[in-house]
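*Asks:* Input: one structure, supplied below.
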Protein chains: 2
Amino acid sequence: MLIESVPNFSEGRDRGKVDALVEAMKIPGVFLLDREMDPDHNRCVITLAGGREPLMEAVIRGVGKASELIDLTKHTGAHPRIGAADVVPFVPIAEATLEDCVGMARCVGEEIWRRYQIPVYLYEAAATVPERQNLENIRRGQFEVLREEIASVPGRRPDFGEPRIHPTAGATVVGARKFLIAYNIYLNTPDVQIAKKVAKAVRFSSGGLPCVKAMGLLVRGLAQVSMNLTDFERTSVARVFEQVKREAARYGALPLSSELIGLIPKRALEDAAACSLQIENFDSSLILENRLAAVMRSQTANLSENK
Amino acid sequence: MLIESVPNFSEGRDRGKVDALVEAMKIPGVFLLDREMDPDHNRCVITLAGGREPLMEAVIRGVGKASELIDLTKHTGAHPRIGAADVVPFVPIAEATLEDCVGMARCVGEEIWRRYQIPVYLYEAAATVPERQNLENIRRGQFEVLREEIASVPGRRPDFGEPRIHPTAGATVVGARKFLIAYNIYLNTPDVQIAKKVAKAVRFSSGGLPCVKAMGLLVRGLAQVSMNLTDFERTSVARVFEQVKREAARYGALPLSSELIGLIPKRALEDAAACSLQIENFDSSLILENRLAAVMRSQTANLSENK
């Protein structure tokens with residue numbers, strides 16, 4: 001079982017401190033996939049993957065290290081935040097479910113309070129009340145307002161810990177969500193209004209496809225429909241592409257090309273291929289490499305048993 | 001480096017003999033992906049995968065075992081054949097090239113003669129003369145004719161061994177080819193003539209797409225374009241699908257669904273997805289699982305170095 005975690009810390013300017021955060025999370029069985037620092041946001045985003053136990057321990061240690069290194073009373077930056085370790089999502093990858101990640105979020109949340117006395121809120125799939133599914137509701141007013149309201153406003157009581165903020169590390173939001181695919185489609189027109197109309201038609205918030213967020217931008221002189229697909233199992237990349245193509249055609253435009261920002265799970269690509277090619281009998285086990293891996297596992301197991 | 005080999009043996013009725021052939025090829029590092037027996041053809045097809053050295057040794061042993069068990073002077077069956085071990089193709093899979101497989105075919109061919117005095121012909125990418133790229137040219141007249149012509153007709157001299165057939169095991173054809181994808185598209189019509197016209201338009205032999213073989217059939221009451229894609233890197237599955245769709249539209253028909261027969265390499269699916277979605281920046285390293293595997297390899301290597 002493999003899970004991804006993408007902790008966001010409120011430090012994006014001091015490379016030494018970010019190094020120390022990464023170092024604190026280095027545990028056998030945890031792999032560093034990516035790290036990004038943004039000085040304007042004054043925030044860093046670390047992408048880790050690993051098994052359940054080592055990944056939980058790594059992230060907990062990262063939260064502890066952040067509470068040593070980051071003082072939110074002195075922190076400024078463009079990005080909203082309530083904690084030194086601000087947000088910690090768990091994302092299922094191989095043979096893990098969203099429920100597994102919800103369980104991890106709860107364990108980690110409890111442990112963060114126990115070890116460091118930092119109060120924890122649960123969000124998205126791990127949320128205990130509907131309003132907390134949306135991260136922005138939890139972060140409203142940021143550290144400075146939450147510091148005042150955590151004890152006095154009943155709706156702001158943390159999920160783990162007493163209703164008092166950590167004096168310098170604030171509070172941490174821990175949760176579980178599905179893999180997010182960032183996918184942009186360029187149209188063969190410089191008319192950004194077309195991209196905006198297409199975005200409006202495909203995004204869920206204005207009546208479009210479930211699990212699709214979209215906006216129209218002008219990028220490289222072209223109209224671009226910039227999207228986040230928050231659940232490719234519900235709305236596939238191929239369906240999104242087809243829908244954008246169809247909507248763009250209403251204004252005489254066509255997709256020119258598309259781009260992925262960051263990574264895409266292989267399942268999402270396989271689904272897109274199977275859907276575009278209309279393969280009725282598609283199944284992951286039809287992929288040569290998957291068959292091979294399964295056979296290798298079972299035949300190696302047989303060899304061991306025969307010893 | 002991982003290579004596939006798909007030896008075809010002239011035994012499709014006696015399960016015990018096929019078991020013995022499979023058993024003879026069981027070597028650590030060689031994995032059995034599939035085995036199929038056809039009693040009408042009186043032929044079996046064994047699919048193996050493994051690294052270069054163990055796979056070569058496995059296949060050589062299989063050829064030797066076939067020469068013990070199968071007597072071509074007593075063999076009948078619908079499928080053309082010249083040997084007890086009739087055809088042995090090598091197919092590049094992971095991190096292997098067609099050239100690697102050509103090298104393997106030559107080594108194996110030489111060794112088959114050395115160990116068993118069975119003459120060997122090289123075919124497809126391993127062929128030493130253009131006429132031998134096509135297997136059917138080598139197999140012309142089958143065992144019974146080759147037995148007579150091997151010594152007397154200069155064009156039938158084997159690539160390895162002296163020009164005399166093995167009295168009971170005949171000769172073996174060894175070669176290298178790319179992965180073959182068997183892919184069928186059903187049209188939304190029972191009119192097989194439309195499938196035949198579409199097949200004629202898309203297959204290379206009648207002026208269509210390179211590396212595509214196609215015929216029109218009536219299957220489950222529907223017109224089906226049945227295809228072999230012999231090099232998906234030259235002509236992608238997505239391009240084939242689009243072409244069939246376009247040609248079918250000339251007769252008012254549409255693809256209803258499609259099916260894979262056997263396996264498809266993940267690269268072929270990734271290409272299809274990238275092509276259908278017009279992803280301009282597509283690269284295998286954008287796939288989460290690939291990135292993860294690369295990071296795991298390098299970070300595990302680092303750990304080992306630091307010990």
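Residues in the structure tokens are numbered from 1 in each chain, the chains being A, B, ... in the order shown, and ligands are numbered from 1 in the order shown.
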May I have the residues of chain B within 8 Å of chain A, counting only C-alpha atoms, written as a PyMOL selection string?

*Replies:* chain B and resi 31-33+49+237-238+241+256-260+262-266+269-270+272-274+276-282+286-289+291-292+295-296+299

*Asks:* Would you write out those residues with N, CA and C atoms, as a short mmCIF file (atom, residue, chain, number, x, y, z; two decimals), in the first residue's frame?

*Replies:*
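So part.cif came out as:
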```
data_model
loop_
_atom_site.label_atom_id
_atom_site.label_comp_id
_atom_site.auth_asym_id
_atom_site.auth_seq_id
_atom_site.Cartn_x
_atom_site.Cartn_y
_atom_site.Cartn_z
N PHE B 31 9.79 -16.18 -16.78
CA PHE B 31 8.40 -16.21 -16.28
C PHE B 31 7.45 -16.64 -17.39
N LEU B 32 6.55 -17.51 -17.03
CA LEU B 32 5.56 -18.02 -17.97
C LEU B 32 4.36 -17.09 -17.98
N LEU B 33 4.13 -16.42 -19.10
CA LEU B 33 3.00 -15.48 -19.17
C LEU B 33 1.74 -16.14 -19.69
N ALA B 49 8.75 -14.53 -20.54
CA ALA B 49 9.48 -13.25 -20.46
C ALA B 49 10.61 -13.43 -19.47
N VAL B 237 -2.25 3.30 -31.88
CA VAL B 237 -3.61 2.77 -31.79
C VAL B 237 -4.63 3.90 -31.99
N ALA B 238 -4.34 5.07 -31.46
CA ALA B 238 -5.26 6.21 -31.59
C ALA B 238 -5.42 6.60 -33.06
N PHE B 241 -7.60 4.06 -34.74
CA PHE B 241 -9.00 4.25 -34.37
C PHE B 241 -9.62 5.41 -35.16
N LEU B 256 -18.69 1.23 -32.71
CA LEU B 256 -19.61 0.96 -31.61
C LEU B 256 -18.79 0.69 -30.35
N SER B 257 -17.72 -0.09 -30.53
CA SER B 257 -16.82 -0.41 -29.42
C SER B 257 -15.59 -1.06 -30.05
N SER B 258 -14.60 -1.30 -29.22
CA SER B 258 -13.42 -1.98 -29.73
C SER B 258 -12.95 -2.98 -28.70
N GLU B 259 -12.07 -3.88 -29.09
CA GLU B 259 -11.57 -4.87 -28.14
C GLU B 259 -10.11 -5.19 -28.40
N LEU B 260 -9.41 -5.48 -27.32
CA LEU B 260 -8.04 -5.95 -27.40
C LEU B 260 -8.05 -7.46 -27.30
N GLY B 262 -5.59 -10.31 -26.32
CA GLY B 262 -4.26 -10.44 -25.71
C GLY B 262 -3.84 -9.14 -25.07
N LEU B 263 -2.56 -8.94 -24.97
CA LEU B 263 -2.02 -7.85 -24.14
C LEU B 263 -1.64 -6.63 -24.98
N ILE B 264 -1.53 -5.51 -24.30
CA ILE B 264 -1.07 -4.26 -24.92
C ILE B 264 0.01 -3.66 -24.03
N PRO B 265 1.13 -3.25 -24.60
CA PRO B 265 2.16 -2.61 -23.76
C PRO B 265 1.66 -1.26 -23.23
N LYS B 266 2.08 -0.91 -22.04
CA LYS B 266 1.57 0.33 -21.44
C LYS B 266 1.95 1.55 -22.28
N LEU B 269 -0.71 2.36 -24.75
CA LEU B 269 -1.88 3.02 -24.14
C LEU B 269 -1.58 4.46 -23.80
N GLU B 270 -0.39 4.68 -23.24
CA GLU B 270 0.00 6.06 -22.90
C GLU B 270 0.02 6.93 -24.16
N ALA B 272 -1.68 6.45 -26.84
CA ALA B 272 -3.06 6.65 -27.28
C ALA B 272 -3.73 7.76 -26.48
N ALA B 273 -3.50 7.75 -25.16
CA ALA B 273 -4.10 8.78 -24.31
C ALA B 273 -3.53 10.15 -24.66
N ALA B 274 -2.21 10.23 -24.77
CA ALA B 274 -1.56 11.51 -25.04
C ALA B 274 -2.03 12.06 -26.39
N SER B 276 -4.95 11.22 -28.06
CA SER B 276 -6.38 11.56 -28.03
C SER B 276 -6.62 12.86 -27.28
N LEU B 277 -5.84 13.08 -26.22
CA LEU B 277 -6.03 14.27 -25.39
C LEU B 277 -5.17 15.43 -25.87
N GLN B 278 -4.40 15.20 -26.93
CA GLN B 278 -3.52 16.24 -27.49
C GLN B 278 -2.57 16.83 -26.45
N ILE B 279 -2.03 15.99 -25.58
CA ILE B 279 -1.12 16.49 -24.54
C ILE B 279 0.25 16.79 -25.18
N GLU B 280 0.60 18.06 -25.23
CA GLU B 280 1.82 18.44 -25.95
C GLU B 280 3.08 18.14 -25.14
N ASN B 281 2.97 18.20 -23.83
CA ASN B 281 4.18 18.00 -22.99
C ASN B 281 4.26 16.58 -22.45
N PHE B 282 3.59 15.64 -23.13
CA PHE B 282 3.54 14.30 -22.54
C PHE B 282 4.90 13.60 -22.55
N LEU B 286 5.93 11.95 -16.47
CA LEU B 286 4.80 12.68 -15.88
C LEU B 286 3.82 11.73 -15.21
N ILE B 287 4.02 10.45 -15.41
CA ILE B 287 3.12 9.48 -14.78
C ILE B 287 3.60 9.22 -13.36
N LEU B 288 2.71 9.45 -12.44
CA LEU B 288 3.01 9.34 -11.01
C LEU B 288 3.80 8.07 -10.69
N GLU B 289 3.32 6.93 -11.14
CA GLU B 289 3.95 5.66 -10.78
C GLU B 289 5.38 5.56 -11.35
N ARG B 291 7.41 8.19 -11.94
CA ARG B 291 8.22 9.11 -11.14
C ARG B 291 8.60 8.43 -9.82
N LEU B 292 7.60 7.81 -9.24
CA LEU B 292 7.78 7.13 -7.96
C LEU B 292 8.84 6.04 -8.07
N VAL B 295 12.28 7.61 -8.38
CA VAL B 295 12.73 8.17 -7.11
C VAL B 295 13.11 7.06 -6.14
N MET B 296 12.30 6.01 -6.11
CA MET B 296 12.60 4.89 -5.20
C MET B 296 13.94 4.27 -5.54
N GLN B 299 16.73 6.88 -4.58
CA GLN B 299 16.91 7.11 -3.14
C GLN B 299 17.36 5.84 -2.43
#
```

*Asks:* At a cut-off of 6 Å, using only C-alpha atoms, what residues contact region 2-17 of chain B? Leave out same-chain residues fewer than 2 positions from it and give the result as a PyMOL selection string.

*Replies:* chain B and resi 19-20+37-39+42-51+84-94

*Asks:* Please list as a CSV table (one decimal) with N, CA and C atoms, in the first residue's frame every residue within 12 Å of Arg115 (chain B), counting only C-alpha atoms and excluding residues in the same chain fewer than 2 positions away.

*Replies:*
```csv
chain,number,residue,atom,x,y,z
B,57,GLU,N,18.6,-19.3,-22.7
B,57,GLU,CA,18.9,-20.6,-22.3
B,57,GLU,C,17.6,-21.4,-22.2
B,60,ILE,N,16.4,-22.3,-25.8
B,60,ILE,CA,17.3,-23.3,-26.4
B,60,ILE,C,16.9,-24.7,-25.8
B,61,ARG,N,16.7,-24.7,-24.5
B,61,ARG,CA,16.3,-26.0,-23.9
B,61,ARG,C,15.0,-26.5,-24.4
B,63,VAL,N,13.7,-25.9,-27.3
B,63,VAL,CA,13.9,-26.5,-28.7
B,63,VAL,C,14.5,-27.9,-28.6
B,64,GLY,N,15.4,-28.1,-27.7
B,64,GLY,CA,16.0,-29.4,-27.5
B,64,GLY,C,15.0,-30.4,-27.1
B,65,LYS,N,14.2,-30.0,-26.1
B,65,LYS,CA,13.1,-30.9,-25.6
B,65,LYS,C,12.1,-31.3,-26.7
B,67,SER,N,12.8,-31.5,-29.8
B,67,SER,CA,13.4,-32.5,-30.7
B,67,SER,C,13.4,-33.9,-30.2
B,108,VAL,N,21.0,-17.6,-30.2
B,108,VAL,CA,20.2,-18.8,-30.0
B,108,VAL,C,20.2,-19.7,-31.2
B,109,GLY,N,20.2,-19.1,-32.4
B,109,GLY,CA,20.2,-19.9,-33.7
B,109,GLY,C,21.5,-20.7,-33.7
B,110,GLU,N,22.6,-20.0,-33.4
B,110,GLU,CA,23.9,-20.7,-33.5
B,110,GLU,C,24.0,-21.9,-32.5
B,111,GLU,N,23.4,-21.6,-31.3
B,111,GLU,CA,23.5,-22.6,-30.3
B,111,GLU,C,22.6,-23.8,-30.5
B,112,ILE,N,21.5,-23.5,-31.2
B,112,ILE,CA,20.5,-24.6,-31.5
B,112,ILE,C,21.2,-25.6,-32.5
B,113,TRP,N,21.9,-25.1,-33.4
B,113,TRP,CA,22.7,-26.0,-34.3
B,113,TRP,C,23.8,-26.7,-33.6
B,117,GLN,N,22.1,-30.0,-33.7
B,117,GLN,CA,22.2,-30.2,-35.1
B,117,GLN,C,20.9,-30.0,-35.8
B,118,ILE,N,20.2,-29.0,-35.3
B,118,ILE,CA,18.9,-28.6,-36.1
B,118,ILE,C,19.3,-27.3,-36.8
B,119,PRO,N,19.1,-27.3,-38.2
B,119,PRO,CA,19.5,-26.0,-38.9
B,119,PRO,C,18.5,-24.9,-38.6
B,120,VAL,N,19.0,-23.7,-38.6
B,120,VAL,CA,18.2,-22.5,-38.2
B,120,VAL,C,18.1,-21.4,-39.3
B,160,PHE,N,22.2,-20.9,-39.9
B,160,PHE,CA,23.1,-21.6,-39.1
B,160,PHE,C,23.0,-23.1,-39.3
B,161,GLY,N,24.2,-23.7,-39.4
B,161,GLY,CA,24.2,-25.2,-39.6
B,161,GLY,C,24.4,-25.6,-41.1
```

*Asks:* Which residue is closest to Ala78 (chain B)? Choose from B:Pro130, B:Gly62, B:Asp100, B:Gln142 and count only C-alpha atoms.

*Replies:*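 With only C-alpha atoms as the atom set, the closest residue is B:Gln142.
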
*Asks:* Residues near Tyr251 (chain B), anyone? I mean within 12 Å using only C-alpha atoms, not counting same-chain ones fewer than 2 positions away, as a VMD selection string.

*Replies:* chain B and resid 187 to 189 191 to 198 244 to 249 253 to 255

*Asks:* Just list as a ChimeraX atom specification whatever in region 120-301 of chain A DSSP marks as strand (DSSP E).

*Replies:* /A:120-124,172-176,181-187,212-219,222-229,255-261

*Asks:* Between CA of Ala182 (chain B) and CA of Met104 (chain B), what is the distance in Å, rounded to a tenth?

*Replies:*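 Here the two named atoms are 24.8 Å from each other.
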
*Asks:* Let's see if you can do this: from backbone DSSP, list all alpha helix (DSSP H) residues in region 169-294 of chain A, as a ChimeraX atom specification.

*Replies:* /A:192-202,237-249,266-276,288-294
